[in-house]
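Asks: Provided below: run_36.cif, containing mmCIF, C-alpha atoms.
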```cif
data_my_file
#
loop_
_atom_site.label_atom_id
_atom_site.label_comp_id
_atom_site.auth_asym_id
_atom_site.auth_seq_id
_atom_site.Cartn_x
_atom_site.Cartn_y
_atom_site.Cartn_z
CA MET A 1 -6.38 30.06 1.19
CA PRO A 2 -9.28 31.15 -1.07
CA PRO A 3 -12.71 31.25 0.68
CA PHE A 4 -14.20 28.55 -1.58
CA ALA A 5 -11.27 26.20 -0.81
CA HIS A 6 -11.63 26.86 2.91
CA ALA A 7 -15.36 26.12 2.71
CA LEU A 8 -14.68 22.92 0.76
CA LEU A 9 -12.17 21.73 3.35
CA GLN A 10 -14.60 22.45 6.18
CA ARG A 11 -17.37 20.57 4.39
CA CYS A 12 -15.07 17.60 3.72
CA ARG A 13 -13.97 17.58 7.33
CA ARG A 14 -17.56 17.55 8.64
CA GLY A 15 -18.52 14.84 6.15
CA LEU A 16 -15.54 12.69 7.11
CA THR A 17 -16.31 13.11 10.82
CA ARG A 18 -19.95 12.08 10.29
CA LEU A 19 -18.93 9.08 8.18
CA VAL A 20 -16.47 7.87 10.83
CA ALA A 21 -19.02 8.39 13.61
CA TRP A 22 -21.65 6.45 11.64
CA TRP A 23 -19.18 3.63 10.96
CA GLU A 24 -18.11 3.40 14.61
CA GLY A 25 -21.76 3.35 15.68
CA LEU A 26 -22.49 0.15 13.75
CA PRO A 27 -22.74 -3.04 15.84
CA PRO A 28 -19.64 -5.26 15.62
CA LEU A 29 -19.82 -8.31 13.38
CA PRO A 30 -19.29 -11.74 14.99
CA GLY A 31 -15.61 -12.59 14.58
CA GLY A 32 -14.74 -9.08 13.42
CA LEU A 33 -14.88 -7.24 10.10
CA LYS A 34 -11.52 -8.63 8.91
CA LEU A 35 -12.77 -12.19 9.14
CA TRP A 36 -15.89 -11.49 7.08
CA ILE A 37 -14.04 -9.55 4.38
CA SER A 38 -11.45 -12.32 4.15
CA LEU A 39 -14.15 -14.99 3.89
CA LEU A 40 -16.04 -13.06 1.20
CA SER A 41 -12.86 -12.38 -0.78
CA PHE A 42 -11.65 -15.97 -0.63
CA GLY A 43 -15.15 -17.24 -1.41
CA PHE A 44 -15.32 -15.04 -4.49
CA LEU A 45 -11.89 -16.21 -5.64
CA LEU A 46 -12.73 -19.86 -5.01
CA ALA A 47 -15.91 -19.51 -7.06
CA ALA A 48 -13.89 -17.92 -9.89
CA LEU A 49 -11.30 -20.70 -9.74
CA VAL A 50 -13.96 -23.42 -9.81
CA GLY A 51 -15.89 -21.70 -12.60
CA HIS A 52 -12.83 -21.15 -14.79
CA GLY A 53 -10.60 -24.02 -13.71
CA ARG A 54 -10.68 -25.74 -17.09
CA GLN A 55 -9.81 -22.55 -18.97
CA LEU A 56 -6.99 -21.85 -16.51
CA LEU A 57 -5.49 -25.28 -17.12
CA GLN A 58 -5.53 -24.61 -20.85
CA LEU A 59 -3.45 -21.44 -20.44
CA SER A 60 0.28 -21.87 -20.79
CA LEU A 61 3.35 -19.67 -20.91
CA ASP A 62 6.03 -19.84 -23.56
CA ARG A 63 9.68 -19.01 -22.92
CA GLN A 64 9.07 -15.30 -23.49
CA GLY A 65 6.19 -15.38 -21.00
CA TRP A 66 8.42 -16.82 -18.29
CA LEU A 67 11.01 -14.15 -19.02
CA TRP A 68 8.32 -11.50 -18.54
CA LEU A 69 7.46 -12.99 -15.13
CA LEU A 70 11.14 -13.02 -14.19
CA LEU A 71 11.36 -9.36 -15.18
CA GLY A 72 8.25 -8.76 -13.07
CA VAL A 73 10.07 -10.14 -10.02
CA GLY A 74 12.95 -7.74 -10.70
CA VAL A 75 10.69 -4.72 -11.13
CA SER A 76 8.71 -5.65 -7.99
CA LEU A 77 11.97 -5.96 -6.07
CA LEU A 78 12.97 -2.50 -7.29
CA SER A 79 9.57 -1.17 -6.19
CA LEU A 80 10.24 -2.41 -2.64
CA VAL A 81 13.50 -0.48 -2.57
CA ALA A 82 11.57 2.57 -3.81
CA ASN A 83 9.06 1.97 -1.02
CA GLY A 84 11.85 2.05 1.55
CA LEU A 85 13.23 5.26 0.05
CA ALA A 86 9.72 6.77 0.11
CA PHE A 87 9.52 5.98 3.82
CA GLY A 88 12.81 7.80 4.23
CA VAL A 89 11.35 10.83 2.42
CA VAL A 90 8.44 10.79 4.90
CA LEU A 91 10.88 10.74 7.81
CA ARG A 92 12.95 13.55 6.26
CA TRP A 93 9.82 15.62 5.65
CA LEU A 94 8.89 15.19 9.32
CA GLY A 95 12.25 16.65 10.33
CA LEU A 96 14.18 13.44 11.02
CA ARG A 97 17.50 12.56 9.39
CA PRO A 98 17.50 9.01 7.99
CA ARG A 99 20.60 6.98 7.24
CA TRP A 100 19.35 5.85 3.87
CA GLY A 101 21.13 2.53 3.39
CA GLU A 102 20.31 1.28 6.88
CA LEU A 103 16.74 2.51 6.62
CA VAL A 104 16.00 0.72 3.34
CA ARG A 105 17.59 -2.46 4.67
CA ALA A 106 15.47 -2.30 7.85
CA TYR A 107 12.34 -1.53 5.83
CA LEU A 108 12.84 -4.57 3.60
CA ASP A 109 13.66 -6.76 6.57
CA THR A 110 10.38 -5.90 8.35
CA ASN A 111 8.24 -6.02 5.21
CA LEU A 112 7.46 -9.76 5.43
CA ARG A 113 5.80 -9.25 8.82
CA LYS A 114 2.79 -7.73 7.08
CA PHE A 115 1.72 -11.31 6.30
CA LEU A 116 1.50 -12.24 9.98
CA PRO A 117 -2.02 -12.47 11.49
CA GLY A 118 -3.23 -9.07 12.63
CA GLY A 119 -1.50 -7.10 9.87
CA ILE A 120 0.21 -4.69 12.30
CA TRP A 121 3.49 -6.40 13.12
CA HIS A 122 5.48 -4.70 10.36
CA LEU A 123 4.20 -1.35 11.69
CA SER A 124 5.04 -2.33 15.28
CA SER A 125 8.57 -3.36 14.28
CA ARG A 126 9.19 -0.07 12.49
CA VAL A 127 7.88 2.05 15.36
CA GLN A 128 10.07 0.17 17.85
CA LEU A 129 13.09 0.41 15.56
CA LEU A 130 12.72 4.16 15.00
CA ARG A 131 12.52 4.72 18.77
CA SER A 132 15.46 2.48 19.65
CA ALA A 133 19.14 3.30 19.99
CA GLU A 134 19.75 1.25 16.80
CA ALA A 135 17.40 3.45 14.76
CA PRO A 136 18.57 4.07 11.15
CA LEU A 137 18.44 7.78 11.93
CA ALA A 138 20.90 10.40 13.08
CA ALA A 139 19.09 10.23 16.44
CA PRO A 140 16.21 8.04 17.72
CA ALA A 141 12.76 9.42 16.97
CA PRO A 142 10.24 10.32 19.68
CA GLY A 143 7.44 7.76 19.99
CA ALA A 144 4.77 10.12 18.66
CA LEU A 145 6.81 11.08 15.61
CA ALA A 146 7.73 7.46 14.87
CA LEU A 147 4.07 6.47 14.94
CA VAL A 148 3.10 9.42 12.72
CA ALA A 149 5.73 8.42 10.14
CA VAL A 150 4.65 4.78 10.09
CA LEU A 151 0.98 5.77 9.63
CA LEU A 152 1.60 8.56 7.12
CA ASP A 153 3.65 6.37 4.77
CA PRO A 154 0.85 3.95 3.67
CA LEU A 155 -1.76 6.73 3.80
CA VAL A 156 0.13 8.85 1.26
CA ALA A 157 0.77 5.73 -0.87
CA ALA A 158 -2.98 4.97 -0.92
CA VAL A 159 -3.84 8.55 -1.92
CA ALA A 160 -1.23 8.45 -4.71
CA ALA A 161 -2.58 5.13 -6.01
CA LEU A 162 -6.19 6.38 -6.01
CA ALA A 163 -5.14 9.49 -7.93
CA LEU A 164 -3.73 7.19 -10.64
CA VAL A 165 -7.20 5.71 -11.16
CA SER A 166 -7.86 8.79 -13.30
CA ALA A 167 -5.39 7.40 -15.88
CA GLY A 168 -8.23 5.22 -17.16
CA GLY A 169 -10.39 8.17 -18.21
CA TRP A 170 -13.67 9.40 -16.74
CA GLN A 171 -15.03 5.89 -15.93
CA GLN A 172 -18.50 7.14 -15.01
CA GLY A 173 -17.08 9.51 -12.40
CA LEU A 174 -14.63 7.07 -10.81
CA ALA A 175 -11.71 9.26 -11.93
CA LEU A 176 -13.06 12.20 -9.90
CA LEU A 177 -13.59 10.00 -6.85
CA GLY A 178 -9.99 8.83 -7.17
CA LEU A 179 -8.72 12.42 -7.13
CA LEU A 180 -10.82 13.54 -4.14
CA PRO A 181 -8.61 11.83 -1.50
CA LEU A 182 -5.85 14.29 -2.45
CA VAL A 183 -7.86 16.78 -0.38
CA LEU A 184 -7.37 14.59 2.71
CA LEU A 185 -3.69 15.48 2.76
CA TRP A 186 -4.37 19.13 3.57
CA PRO A 187 -3.26 19.68 7.20
CA ARG A 188 -6.75 20.65 8.40
CA LEU A 189 -8.05 17.22 7.39
CA LEU A 190 -4.85 15.21 7.76
CA ASN A 191 -4.20 16.07 11.42
CA PRO A 192 -7.60 14.85 12.74
CA LEU A 193 -7.33 11.73 10.56
CA LEU A 194 -3.83 10.93 11.85
CA SER A 195 -4.89 11.65 15.42
CA ARG A 196 -7.73 9.13 15.17
CA GLN A 197 -5.47 6.53 13.57
CA GLU A 198 -2.82 7.11 16.23
CA ARG A 199 -5.25 6.40 19.05
CA ARG A 200 -6.28 3.15 17.40
CA LYS A 201 -2.80 1.96 16.53
CA ALA A 202 -1.32 3.07 19.86
CA SER A 203 -3.84 0.83 21.58
CA ALA A 204 -3.09 -2.08 19.23
CA LEU A 205 0.67 -1.59 19.67
CA ALA A 206 0.38 -1.20 23.46
CA MET A 207 1.81 2.32 23.34
CA ASP A 208 1.07 5.12 25.77
CA ILE A 209 -1.76 7.06 24.09
CA GLU A 210 -0.74 10.27 25.83
CA ALA A 211 2.75 9.91 24.40
CA ALA A 212 1.28 9.28 20.95
CA ALA A 213 -0.32 12.70 20.53
CA THR A 214 0.09 13.88 16.97
CA ALA A 215 2.82 16.32 16.11
CA PRO A 216 0.74 18.68 13.93
CA ILE A 217 1.33 18.56 10.18
CA ARG A 218 1.73 22.15 9.00
CA SER A 219 2.03 21.80 5.23
CA TYR A 220 0.88 19.62 2.36
CA PRO A 221 3.14 16.53 2.04
CA TRP A 222 4.22 17.13 -1.55
CA PRO A 223 7.63 15.39 -1.37
CA PRO A 224 6.25 12.10 0.09
CA LEU A 225 3.33 12.18 -2.35
CA LEU A 226 5.52 12.60 -5.43
CA VAL A 227 7.86 9.80 -4.35
CA GLN A 228 4.89 7.51 -3.65
CA PHE A 229 3.65 8.11 -7.20
CA GLY A 230 6.94 6.64 -8.37
CA PHE A 231 6.61 3.67 -6.03
CA VAL A 232 3.06 2.82 -7.17
CA LEU A 233 4.08 3.13 -10.83
CA LEU A 234 6.96 0.71 -10.23
CA ARG A 235 4.51 -1.62 -8.49
CA PHE A 236 2.33 -1.40 -11.57
CA GLY A 237 5.40 -2.19 -13.68
CA GLY A 238 5.58 -5.62 -12.05
CA PHE A 239 1.89 -6.14 -12.78
CA ALA A 240 2.36 -4.99 -16.39
CA CYS A 241 5.01 -7.70 -16.82
CA CYS A 242 2.39 -10.28 -15.81
CA VAL A 243 -0.03 -8.82 -18.36
CA GLN A 244 2.65 -9.08 -21.04
CA ALA A 245 3.46 -12.66 -20.01
CA PHE A 246 -0.05 -13.70 -21.03
CA ASP A 247 -0.01 -11.40 -24.08
CA LEU A 248 -3.13 -9.50 -23.00
CA SER A 249 -1.93 -5.90 -23.27
CA TYR A 250 -4.01 -5.47 -26.44
CA SER A 251 -7.27 -6.18 -24.59
CA LEU A 252 -7.26 -2.85 -22.75
CA SER A 253 -5.38 0.43 -22.92
CA TRP A 254 -2.48 0.76 -20.51
CA GLY A 255 -4.36 3.60 -18.84
CA GLY A 256 -7.22 1.18 -18.18
CA TRP A 257 -4.84 -1.45 -16.81
CA LEU A 258 -3.24 1.15 -14.53
CA ALA A 259 -6.62 2.38 -13.29
CA GLY A 260 -7.80 -1.15 -12.47
CA PHE A 261 -4.52 -2.06 -10.79
CA ALA A 262 -4.40 1.16 -8.73
CA LEU A 263 -7.93 0.64 -7.43
CA ALA A 264 -7.30 -3.03 -6.55
CA TRP A 265 -3.92 -2.29 -4.96
CA THR A 266 -5.43 0.46 -2.79
CA ALA A 267 -8.23 -1.85 -1.69
CA GLY A 268 -5.69 -4.50 -0.74
CA LEU A 269 -3.79 -1.91 1.28
CA VAL A 270 -6.60 -0.21 3.19
CA VAL A 271 -9.50 -2.68 3.36
CA PRO A 272 -9.28 -4.81 6.50
CA GLY A 273 -8.92 -8.43 5.54
CA ALA A 274 -6.27 -11.10 5.18
CA PRO A 275 -2.70 -9.88 5.83
CA GLY A 276 -0.96 -8.42 2.79
CA GLY A 277 -4.29 -7.72 1.05
CA LEU A 278 -4.45 -11.40 0.05
CA GLY A 279 -7.77 -12.06 -1.66
CA VAL A 280 -8.93 -8.44 -1.55
CA PHE A 281 -6.62 -7.28 -4.35
CA GLU A 282 -7.55 -10.20 -6.59
CA SER A 283 -11.29 -9.85 -5.99
CA VAL A 284 -11.36 -6.10 -6.69
CA LEU A 285 -9.24 -6.60 -9.81
CA LEU A 286 -11.66 -9.23 -11.17
CA LEU A 287 -14.69 -7.09 -10.35
CA ARG A 288 -13.20 -3.94 -11.91
CA LEU A 289 -11.68 -5.37 -15.10
CA GLY A 290 -13.89 -8.40 -15.64
CA PHE A 291 -16.11 -6.36 -17.96
CA ALA A 292 -13.28 -5.97 -20.49
CA ILE A 293 -11.04 -9.01 -19.96
CA PRO A 294 -12.09 -12.68 -19.99
CA GLU A 295 -12.09 -13.86 -16.37
CA ALA A 296 -9.84 -16.90 -16.84
CA PRO A 297 -6.83 -14.95 -18.25
CA LEU A 298 -7.46 -12.11 -15.79
CA LEU A 299 -7.46 -14.60 -12.93
CA ALA A 300 -4.20 -16.06 -14.25
CA ILE A 301 -2.67 -12.57 -14.28
CA ALA A 302 -3.84 -11.92 -10.71
CA ILE A 303 -2.43 -15.22 -9.43
CA SER A 304 0.84 -14.70 -11.32
CA TYR A 305 1.20 -11.21 -9.89
CA ARG A 306 0.60 -12.50 -6.37
CA LEU A 307 3.37 -15.08 -6.87
CA VAL A 308 5.70 -12.48 -8.41
CA VAL A 309 5.35 -9.97 -5.56
CA THR A 310 5.59 -12.70 -2.91
CA ILE A 311 8.86 -13.92 -4.41
CA ALA A 312 10.07 -10.30 -4.52
CA ASP A 313 9.12 -9.84 -0.84
CA LEU A 314 11.04 -12.98 0.11
CA LEU A 315 14.10 -11.99 -1.93
CA ALA A 316 14.07 -8.46 -0.50
CA ALA A 317 13.86 -9.67 3.10
CA LEU A 318 16.54 -12.32 2.51
CA THR A 319 18.88 -9.83 0.83
CA ALA A 320 18.38 -7.30 3.64
CA ARG A 321 19.01 -9.96 6.28
CA LEU A 322 22.17 -11.24 4.55
CA ASP A 323 23.44 -7.70 4.00
CA GLY A 324 22.90 -6.87 7.67
CA SER A 325 24.71 -10.04 8.77
CA SER A 326 27.61 -9.25 6.42
CA LEU A 327 27.96 -5.76 7.87
CA LEU A 328 27.97 -7.16 11.41
CA ARG A 329 30.71 -9.65 10.54
CA ASN A 330 32.79 -6.96 8.86
CA SER A 331 32.46 -4.63 11.84
CA ALA A 332 33.37 -7.47 14.21
CA THR A 333 36.54 -8.34 12.28
CA ALA A 334 37.60 -4.74 11.65
CA PRO A 335 40.79 -3.76 13.56
#
```
What is this file in structure tokens?

Replies:
Amino acid sequence: MPPFAHALLQRCRRGLTRLVAWWEGLPPLPGGLKLWISLLSFGFLLAALVGHGRQLLQLSLDRQGWLWLLLGVGVSLLSLVANGLAFGVVLRWLGLRPRWGELVRAYLDTNLRKFLPGGIWHLSSRVQLLRSAEAPLAAPAPGALALVAVLLDPLVAAVAALALVSAGGWQQGLALLGLLPLVLLWPRLLNPLLSRQERRKASALAMDIEAAATAPIRSYPWPPLLVQFGFVLLRFGGFACCVQAFDLSYSLSWGGWLAGFALAWTAGLVVPGAPGGLGVFESVLLLRLGFAIPEAPLLAIAISYRLVVTIADLLAALTARLDGSSLLRNSATAP
């Protein structure tokens, strides 16, 4: 590694360590940080709904608009399948051998649990599944490796989404800030970050912390990162269908729409708040794109997208559950 790159990594590592130490040194908020972020997000959305309620009621969709929303459900459903495949790429990169069909089905089946209070139950289910005898792998994964995979998957997705913020141009330096997290995936920074996350999640999931010691990452996770780019772009495809439904694509370049969506989607993924990023995504989207798009149509797009992806989540979980039941019946009746 060139000396300047090594120095940059060391500086980033020290800065990240100081930031985390400063954050952990802050006094806890009454009720917890999640509660306050959720209240602020919902309060902001409620104010927007009250302020633009009349304009929202005046908006209507024609037949073509409803078809766009239906297409958005289909694209969002496809993005969930891509998300399951991306998780399989993470497992494969970590040296495990996934059984792809079973893995995607299990991933879709556990996806709805992200909406349960606490926001960790989908992660808990996946860790337990990967460790069990019924794991969708050639062999069950060790507890530490299962936890690493479950934590690495959303982390790489968030980094990929932030990198796509640069599609909107310079944006007063926001594009550069979106690209900087790519540095976090270098092993010298990624291993300490994963180790800290493991200790926290192991405690939340009631796992043995000693058994959850990180298996060191030795190379940059290029395969998972590239696949996650595809997943986030498919996720944006569902959002783009909602934009088209309200015929607002002319109001902003598609690069600008992608940048705003990527930032809001990342915030909904990583900012502690209501399960599933509910409220956080919509608030960040309004704050980021409200300068270019009238708030009432933008709010309609945000609400429509939330409905589209929720329907896709339900359909994906239902399909996975029915498919699993069908396979069990077939195996039971097989001679």

Asks: Would you compute the distance between atom CA of Trp257 of chain A and atom CA of Ala292 of chain A? Give it in Å to one decimal.

Replies: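 Atom-to-atom, atom CA of Trp257 of chain A to atom CA of Ala292 of chain A, that is 10.3 Å.
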
Asks: What does the distance between atom CA of Leu70 of chain A and atom CA of Ala320 of chain A come to in Å, to one decimal place?

Replies: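 Atom-to-atom, atom CA of Leu70 of chain A and atom CA of Ala320 of chain A are spaced 20.1 Å apart.
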
Asks: Applied to this file, what does the PyMOL selection byres ((chain A and resi 264) around 9) return in terms of residues, put as a list in words?

Replies: Ala259, Gly260, Phe261, Ala262, Leu263, Trp265, Thr266, Ala267, Gly268, Leu269, Val280, Phe281, Glu282, Ser283, Val284, Leu285, Leu286 and Arg288 of chain A

Asks: Which residues fall under the PyMOL selection byres ((chain A and resi 240) around 9) in this file, as JSON, numbers by chain?

Replies: {"A": [72, 235, 236, 237, 238, 239, 241, 242, 243, 244, 245, 249, 254, 257, 258]}

Asks: For the provided coordinates, the residues matched by the PyMOL selection byres ((chain A and resi 99) around 8) should be stated as a PyMOL selection string.

Replies: chain A and resi 97-98+100-103+136-138

Asks: Tell me, as a PyMOL selection string, which residues lie within 10 Å of Pro154 of chain A, counting only C-alpha atoms; anything in the same chain fewer than 4 positions away does not count.

Replies: chain A and resi 83+86-87+149-150+158-160+228+266+269-270

Asks: Enumerate, in order of chain and increasing residue number, the residues of segment 214-325 of chain A with an atom no farther than 7 Å from segment 170-188 of chain A, each with its shortest atom pair and distance in Å to one decimal, counting all atoms listed in the file, as a tab-separated table.

Replies:
```
residue	atom	partner	partner_atom	distance
A:Ile217	CA	A:Pro187	CA	5.6
A:Arg218	CA	A:Pro187	CA	5.9
A:Ser219	CA	A:Pro187	CA	6.0
A:Tyr220	CA	A:Trp186	CA	5.4
A:Pro221	CA	A:Leu185	CA	6.9
```

Asks: If I take atom CA of Arg113 of chain A and atom CA of Leu94 of chain A, how far is one from the other in Å, to one decimal?

Replies: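 Atom-to-atom, atom CA of Arg113 of chain A to atom CA of Leu94 of chain A, that is 24.6 Å.
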
Asks: Using only C-alpha atoms, which of the listed residues (A:Asp247, A:Asp109, A:Glu295, A:Asp153) sits closest to Asp313 of chain A?

Replies: A:Asp109

Asks: With 8 Å of padding per side, what axis-aligned box (centre and edge lengths, Å, one decimal) covers all the listed atoms of segment 103-118 of chain A? Give it as AutoDock Vina command-line options.

Replies:
```
--center_x 7.2 --center_y -5.0 --center_z 8.0 --size_x 36.8 --size_y 31.0 --size_z 25.3
```

Asks: So which one's closest to Leu130 of chain A, A:Ala167, A:Leu45, A:Leu91, A:Ile303? Using all atoms listed in the file, please.

Replies: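 For Leu130 of chain A, the nearest of the given residues is A:Leu91.
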
Asks: Calculated over all atoms listed in the file, which of the candidates A:Leu162, A:Leu71, A:Val227, A:Leu252 has the smallest distance to Phe291 of chain A?

Replies: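 Result for the nearest residue to Phe291 of chain A: A:Leu252.
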